[in-house]
Every structure is written in structure tokens, then in C-alpha cells.
Amino acid sequence: MRTAAAALTALSSLGVAALAGCSGGGSDGGVSRNAPASSRGASPSPSPTPDWNPRPRSIAAVGDSITRGFDACSVLTDCPEVSWATGTDDTVRSLAVRLLGPSKAADRSWNHAVSGSRMVQLPEQMARAAKERPELVTVMTGANDACRDSVRLMTPVADFRASFEASMRQLRAGAPKAQVYVSSVPDLKRLWSTGRVNELGKKIWDLGICQSMLADADDLGPAAVARRDAVQERVVAFNEVLRDVCAKDRYCRYDGGAVFDFRFTGAQLSPWDWFHPSRDGQARLAEIAYRNVTAAEPPA
């Protein structure tokens, strides 16, 4: 509690600009099994990927603060060494480490994610990733598009789709045969439900983190319920876009909603903000990614 209290003091003195714009936590975003069927994607099943190589020899990562390991090691700080995608931490065993081994992972993986970024920034990240000529690009973004100061400020679904399509075009211009693994957006409503039992965590949320979902965490009145439901519906719609756009690219594989569906616990949340993934949360993301990347068939 002394450590957590120190974090709260630091956040209060430093401000929460970095946190307020960082991607939605429960790195492993899961959803309760009572979620609507659309949470797993109501669009047609993705096309088979006969050209998929389950053992790529190089990896580039794009996305937001989850992929940067923000707040996993210390307060208000990126910690890319624990990134689920390209990190080198022994306890996380990132996707790069699992696929390439520790020594090659350090030389053959690149992390171009940016904390606080939204889908509109992804084309620029994809262009940088393409210059590495990776055999696999991992994508995890979209939580910041739903995590805004208000529901009104959430990214429109049409804009989200246009930016993701532009991102894929940017990648294909520089790396036409690079494989793409797309993670679903975490379940922010489960994050609220899981984290709201922690009193200190709620105080940190009140400093300005993901107010569209986390504001007034104990308010169960009709307006608050409707606000959280609107955020949840937008996340579901974002995941359907990720699935649809990915299905049109022969070298792209969507996770089938695995990250959204993962039933994370408080142990997988950062002790600094009860929002971003902890080391354990990053490890769970790495497990999900490795299972899906090495599978013979794409997730249903």
C-alpha cells in the first residue's frame, strides 16, 4: 500500500496527461460470458490463410501503450522490455522470444508502438514497420479510440475503418508479403468491473484515466450504465472492423476476439494505475499471440 500510495502521489504531482491518453488496460481485456454475441464479431468468418508461416523469423510491433509496456515496471513510464510482442523479459517471454529465441529476438524484432496513439496514427507506424521488412507485424490498437474524456469524443467507426485500411495499404507498399497478426481491442467494461473493487485504483482513475468508461466507477445509475454500454458497443464495433479488414488480406490473421474474451483478473493489471497490463498481463497477451500465430488455422 505504501508503494501504491507513492504512485498516487506521483500521479497527482506529475499530472495524468500520459495516462489519460494511453491505451485501455487489462492488457488481456476479457469479457464476461454474458456479453452480446457481437463481442466476438458478427461478420463472416475470416478467409483461410494457406500462405501463413507459423514460424516467422522477424517481428515488428505497432500499436499503443500496451505494446510499449506502459506502467508495467514503474509509474508513468514505458517499459518495452516487458512488451508482449517484442520484449526481452524472462518472466513475460514475449511473442518474439517464443518464436525467435532470446538472442535473435533482440536483433530481429522492432517496437514502433507509441503510448497514447489511436488508430489514426497507425498508418505512420506501419510505414516505419515496413522499412524493417519484417516477416510478421503485430497490431494492437483501438483502446484509445474508445477511451476518451467523453463518449462524444470516441472515434467514429467509419473513421476507424478508414485509418485501418490506410494502415494496411502503407504496410503493403513497403512489405507486400509481411504477415500481420491483429489483436482485438480489450474489453474495457470488464476492466471497469475488475478494477473498481480497488479503492486506491479508483482514486487514480479519477485523475482522468479513460473517463468514457471509468468515470464515477461506483455510479450504477441509468446514465452511467448507458455511458458504459455505449463504450462497450463501440469496442465491439471496432473489433468487427479489425476482423473485416483483416479478412480481406491473404497475409492477415485476426485473433478471433481472443484478447477481448480473455477473463483477466486484478493480478494482470498494473499496480501503478489499475488500468494497463502488469508483467503478468503482458505474459498472458504473449501466450494468446503465440497460440494464434503458430496455429495451423486462423481463429474462428
# chains A, B, ... in the order shown; residues from 1 in each chain; ligands from 1

call {"tool": "residues_around", "arguments": {"residues": "range 151-165 of chain A", "least_positions_apart": "3", "cutoff": "7 Å", "atoms": "only C-alpha atoms", "output": "mmCIF file with N, CA, C and O atoms, in the first residue's frame"}}
result
data_model
loop_
_atom_site.group_PDB
_atom_site.id
_atom_site.type_symbol
_atom_site.label_atom_id
_atom_site.label_comp_id
_atom_site.auth_asym_id
_atom_site.auth_seq_id
_atom_site.Cartn_x
_atom_site.Cartn_y
_atom_site.Cartn_z
ATOM 1 N N MET A 119 -5.979 4.879 -33.643
ATOM 2 C CA MET A 119 -5.924 4.249 -34.956
ATOM 3 C C MET A 119 -5.467 5.221 -36.044
ATOM 4 O O MET A 119 -4.790 4.819 -36.996
ATOM 5 N N VAL A 120 -5.782 6.495 -35.903
ATOM 6 C CA VAL A 120 -5.411 7.464 -36.924
ATOM 7 C C VAL A 120 -3.886 7.596 -37.043
ATOM 8 O O VAL A 120 -3.377 7.990 -38.098
ATOM 9 N N PRO A 123 -1.217 4.365 -39.575
ATOM 10 C CA PRO A 123 -0.543 4.343 -40.878
ATOM 11 C C PRO A 123 0.925 4.763 -40.801
ATOM 12 O O PRO A 123 1.790 4.155 -41.445
ATOM 13 N N ASP A 145 -9.162 4.781 -28.865
ATOM 14 C CA ASP A 145 -10.250 5.341 -29.671
ATOM 15 C C ASP A 145 -11.573 5.296 -28.921
ATOM 16 O O ASP A 145 -12.479 6.083 -29.199
ATOM 17 N N ALA A 146 -11.681 4.358 -27.977
ATOM 18 C CA ALA A 146 -12.884 4.281 -27.133
ATOM 19 C C ALA A 146 -12.665 4.948 -25.784
ATOM 20 O O ALA A 146 -13.610 5.471 -25.183
ATOM 21 N N ARG A 148 -11.892 7.830 -24.101
ATOM 22 C CA ARG A 148 -11.779 9.276 -24.276
ATOM 23 C C ARG A 148 -12.371 9.973 -23.052
ATOM 24 O O ARG A 148 -12.916 9.325 -22.155
ATOM 25 N N MET A 168 -3.041 -0.727 -43.608
ATOM 26 C CA MET A 168 -2.698 -1.928 -44.366
ATOM 27 C C MET A 168 -2.096 -1.559 -45.719
ATOM 28 O O MET A 168 -1.163 -2.215 -46.198
ATOM 29 N N ARG A 169 -2.593 -0.494 -46.331
ATOM 30 C CA ARG A 169 -2.020 -0.055 -47.600
ATOM 31 C C ARG A 169 -0.582 0.420 -47.417
ATOM 32 O O ARG A 169 0.288 0.143 -48.262
ATOM 33 N N SER A 212 -14.539 7.942 -20.343
ATOM 34 C CA SER A 212 -15.728 7.438 -21.024
ATOM 35 C C SER A 212 -16.238 6.152 -20.375
ATOM 36 O O SER A 212 -17.443 5.920 -20.302
ATOM 37 N N ARG A 227 -23.749 5.041 -20.472
ATOM 38 C CA ARG A 227 -22.444 5.514 -20.948
ATOM 39 C C ARG A 227 -21.486 4.333 -21.131
ATOM 40 O O ARG A 227 -20.821 4.217 -22.163
ATOM 41 N N VAL A 231 -19.722 2.696 -24.683
ATOM 42 C CA VAL A 231 -18.301 2.417 -24.902
ATOM 43 C C VAL A 231 -18.114 0.958 -25.302
ATOM 44 O O VAL A 231 -17.365 0.635 -26.238
ATOM 45 N N ALA A 237 -17.781 -2.816 -32.092
ATOM 46 C CA ALA A 237 -17.775 -2.379 -33.489
ATOM 47 C C ALA A 237 -16.349 -2.255 -34.019
ATOM 48 O O ALA A 237 -16.068 -2.629 -35.168
ATOM 49 N N PHE A 238 -15.433 -1.751 -33.204
ATOM 50 C CA PHE A 238 -14.036 -1.668 -33.618
ATOM 51 C C PHE A 238 -13.483 -3.062 -33.930
ATOM 52 O O PHE A 238 -12.771 -3.264 -34.920
ATOM 53 N N VAL A 241 -14.544 -4.278 -37.234
ATOM 54 C CA VAL A 241 -13.764 -3.639 -38.299
ATOM 55 C C VAL A 241 -12.417 -4.335 -38.456
ATOM 56 O O VAL A 241 -11.993 -4.644 -39.579
ATOM 57 N N VAL A 245 -11.530 -6.058 -42.099
ATOM 58 C CA VAL A 245 -10.421 -5.561 -42.913
ATOM 59 C C VAL A 245 -9.323 -6.612 -43.011
ATOM 60 O O VAL A 245 -8.758 -6.841 -44.095
#

call {"tool": "residues_around", "arguments": {"residues": "Glu132 in chain A", "least_positions_apart": "3", "cutoff": "8 Å", "atoms": "only C-alpha atoms", "output": "PyMOL selection string"}}
result
chain A and resi 60+110+128-129

call {"tool": "select_by_dssp", "arguments": {"residues": "range 18-252 of chain A", "states": "strand (DSSP E)", "output": "list in words"}}
result
Ile59, Ala60, Ala61, Val62, Gly63, Ser109, Trp110, Asn111, Leu136, Val137, Thr138, Val139, Met140, Gln179, Val180, Tyr181, Val182 and Cys252 of chain A

call {"tool": "residues_around", "arguments": {"residues": "range 62-76 of chain A", "least_positions_apart": "3", "cutoff": "6 Å", "atoms": "only C-alpha atoms", "output": "list in words"}}
result
Cys22, Ser23, Cys79, Pro80, Val82, Ser83, His112, Ala113, Val114, Ser115, Gly116, Ser117, Val139, Met140, Thr141, Ser270, Trp272, Ser278 and Arg279 of chain A

call {"tool": "closest_residue", "arguments": {"among": "A:Ala295, A:Ala215, A:Ala106, A:Val92", "to": "Gln268 in chain A", "atoms": "only C-alpha atoms"}}
result
A:Val92

call {"tool": "residues_around", "arguments": {"residues": "Pro56 in chain A", "least_positions_apart": "2", "cutoff": "10 Å", "atoms": "only C-alpha atoms", "output": "PyMOL selection string"}}
result
chain A and resi 52-54+58-59+96+99-100+134-137+178-179+293-294

call {"tool": "closest_residue", "arguments": {"among": "A:Ser94, A:Asp149, A:Tyr251, A:Ala226", "to": "Ala175 in chain A", "atoms": "only C-alpha atoms"}}
result
A:Tyr251

call {"tool": "residues_around", "arguments": {"residues": "Asp218 in chain A", "least_positions_apart": "5", "cutoff": "10 Å", "atoms": "only C-alpha atoms", "output": "count of residues only"}}
result
6

call {"tool": "select_by_dssp", "arguments": {"residues": "range 219-297 of chain A", "states": "alpha helix (DSSP H)", "output": "number ranges by chain"}}
result
A: 222-247, 258-261, 279-293

call {"tool": "write_last_selection", "arguments": {"atoms": "N, CA and C atoms", "output": "compact mmCIF listing (two decimals), in the first residue's frame"}}
result
# COMPACT_ATOMS: atom_id res chain seq x y z
N PRO A 222 -28.79 4.91 -14.19
CA PRO A 222 -29.10 4.69 -15.62
C PRO A 222 -28.15 5.41 -16.57
N ALA A 223 -27.79 6.65 -16.27
CA ALA A 223 -26.92 7.41 -17.18
C ALA A 223 -25.53 6.79 -17.24
N ALA A 224 -25.00 6.37 -16.09
CA ALA A 224 -23.66 5.77 -16.07
C ALA A 224 -23.67 4.42 -16.78
N VAL A 225 -24.72 3.65 -16.56
CA VAL A 225 -24.83 2.34 -17.23
C VAL A 225 -24.91 2.54 -18.74
N ALA A 226 -25.70 3.50 -19.19
CA ALA A 226 -25.82 3.77 -20.62
C ALA A 226 -24.49 4.23 -21.21
N ARG A 227 -23.75 5.04 -20.47
CA ARG A 227 -22.44 5.51 -20.95
C ARG A 227 -21.49 4.33 -21.13
N ARG A 228 -21.42 3.46 -20.15
CA ARG A 228 -20.50 2.31 -20.26
C ARG A 228 -20.95 1.37 -21.38
N ASP A 229 -22.25 1.20 -21.53
CA ASP A 229 -22.74 0.34 -22.61
C ASP A 229 -22.38 0.93 -23.97
N ALA A 230 -22.40 2.23 -24.09
CA ALA A 230 -22.05 2.87 -25.37
C ALA A 230 -20.58 2.64 -25.69
N VAL A 231 -19.72 2.70 -24.68
CA VAL A 231 -18.30 2.42 -24.90
C VAL A 231 -18.11 0.96 -25.30
N GLN A 232 -18.81 0.08 -24.61
CA GLN A 232 -18.70 -1.35 -24.93
C GLN A 232 -19.15 -1.63 -26.37
N GLU A 233 -20.23 -1.01 -26.78
CA GLU A 233 -20.72 -1.21 -28.15
C GLU A 233 -19.71 -0.70 -29.17
N ARG A 234 -19.04 0.39 -28.85
CA ARG A 234 -18.05 0.92 -29.77
C ARG A 234 -16.84 -0.01 -29.88
N VAL A 235 -16.42 -0.58 -28.77
CA VAL A 235 -15.31 -1.54 -28.80
C VAL A 235 -15.68 -2.75 -29.64
N VAL A 236 -16.90 -3.25 -29.47
CA VAL A 236 -17.37 -4.38 -30.27
C VAL A 236 -17.33 -4.02 -31.75
N ALA A 237 -17.78 -2.82 -32.09
CA ALA A 237 -17.78 -2.38 -33.49
C ALA A 237 -16.35 -2.26 -34.02
N PHE A 238 -15.43 -1.75 -33.20
CA PHE A 238 -14.04 -1.67 -33.62
C PHE A 238 -13.48 -3.06 -33.93
N ASN A 239 -13.80 -4.02 -33.09
CA ASN A 239 -13.29 -5.38 -33.31
C ASN A 239 -13.86 -5.99 -34.58
N GLU A 240 -15.09 -5.66 -34.90
CA GLU A 240 -15.67 -6.15 -36.15
C GLU A 240 -14.94 -5.54 -37.36
N VAL A 241 -14.54 -4.28 -37.23
CA VAL A 241 -13.76 -3.64 -38.30
C VAL A 241 -12.42 -4.33 -38.46
N LEU A 242 -11.74 -4.59 -37.35
CA LEU A 242 -10.44 -5.26 -37.42
C LEU A 242 -10.58 -6.62 -38.10
N ARG A 243 -11.63 -7.33 -37.75
CA ARG A 243 -11.86 -8.65 -38.34
C ARG A 243 -12.15 -8.55 -39.84
N ASP A 244 -13.01 -7.62 -40.23
CA ASP A 244 -13.42 -7.49 -41.62
C ASP A 244 -12.26 -7.08 -42.52
N VAL A 245 -11.53 -6.06 -42.10
CA VAL A 245 -10.42 -5.56 -42.91
C VAL A 245 -9.32 -6.61 -43.01
N CYS A 246 -9.04 -7.27 -41.92
CA CYS A 246 -8.00 -8.30 -41.93
C CYS A 246 -8.39 -9.46 -42.85
N ALA A 247 -9.68 -9.82 -42.86
CA ALA A 247 -10.12 -10.94 -43.67
C ALA A 247 -9.93 -10.72 -45.16
N ALA A 258 -9.83 -13.13 -29.17
CA ALA A 258 -9.21 -13.79 -28.01
C ALA A 258 -8.81 -12.80 -26.91
N VAL A 259 -8.26 -11.65 -27.29
CA VAL A 259 -7.87 -10.67 -26.27
C VAL A 259 -9.11 -10.07 -25.61
N PHE A 260 -10.11 -9.75 -26.41
CA PHE A 260 -11.36 -9.22 -25.87
C PHE A 260 -11.99 -10.23 -24.90
N ASP A 261 -11.95 -11.50 -25.22
CA ASP A 261 -12.61 -12.53 -24.44
C ASP A 261 -11.83 -12.99 -23.21
N ARG A 279 3.21 -7.08 -15.59
CA ARG A 279 4.07 -8.09 -16.24
C ARG A 279 3.27 -9.37 -16.50
N ASP A 280 2.47 -9.78 -15.52
CA ASP A 280 1.68 -10.99 -15.69
C ASP A 280 0.68 -10.81 -16.83
N GLY A 281 0.08 -9.64 -16.92
CA GLY A 281 -0.84 -9.38 -18.01
C GLY A 281 -0.14 -9.42 -19.36
N GLN A 282 1.04 -8.86 -19.44
CA GLN A 282 1.82 -8.92 -20.68
C GLN A 282 2.14 -10.37 -21.05
N ALA A 283 2.44 -11.19 -20.07
CA ALA A 283 2.74 -12.60 -20.35
C ALA A 283 1.51 -13.32 -20.89
N ARG A 284 0.33 -12.99 -20.37
CA ARG A 284 -0.90 -13.61 -20.88
C ARG A 284 -1.15 -13.20 -22.33
N LEU A 285 -0.87 -11.94 -22.66
CA LEU A 285 -1.01 -11.50 -24.04
C LEU A 285 -0.05 -12.24 -24.96
N ALA A 286 1.17 -12.44 -24.49
CA ALA A 286 2.16 -13.16 -25.29
C ALA A 286 1.69 -14.59 -25.55
N GLU A 287 1.11 -15.22 -24.54
CA GLU A 287 0.60 -16.59 -24.71
C GLU A 287 -0.49 -16.64 -25.77
N ILE A 288 -1.43 -15.70 -25.68
CA ILE A 288 -2.52 -15.66 -26.66
C ILE A 288 -1.98 -15.48 -28.07
N ALA A 289 -1.04 -14.54 -28.22
CA ALA A 289 -0.48 -14.26 -29.54
C ALA A 289 0.26 -15.48 -30.09
N TYR A 290 1.07 -16.10 -29.27
CA TYR A 290 1.86 -17.25 -29.73
C TYR A 290 0.94 -18.39 -30.16
N ARG A 291 -0.10 -18.62 -29.39
CA ARG A 291 -1.05 -19.70 -29.73
C ARG A 291 -1.71 -19.43 -31.08
N ASN A 292 -2.08 -18.19 -31.35
CA ASN A 292 -2.77 -17.87 -32.59
C ASN A 292 -1.84 -17.78 -33.78
N VAL A 293 -0.63 -17.27 -33.57
CA VAL A 293 0.32 -17.14 -34.69
C VAL A 293 0.79 -18.52 -35.14

call {"tool": "atom_distance", "arguments": {"atom1": "CA of Lys104 in chain A", "atom2": "CA of Asp89 in chain A"}}
result
13.7 Å

call {"tool": "closest_residue", "arguments": {"among": "A:Phe275, A:Ala61, A:Thr138, A:Glu81", "to": "Val180 in chain A", "atoms": "only C-alpha atoms"}}
result
A:Thr138

call {"tool": "closest_residue", "arguments": {"among": "A:Gly266, A:Gly256, A:Pro298, A:Gly221", "to": "Val185 in chain A", "atoms": "only C-alpha atoms"}}
result
A:Gly256

call {"tool": "atom_distance", "arguments": {"atom1": "CA of Gln170 in chain A", "atom2": "CA of Lys131 in chain A"}}
result
10.5 Å

call {"tool": "atom_distance", "arguments": {"atom1": "CA of Asn144 in chain A", "atom2": "CA of Asp90 in chain A"}}
result
28.3 Å
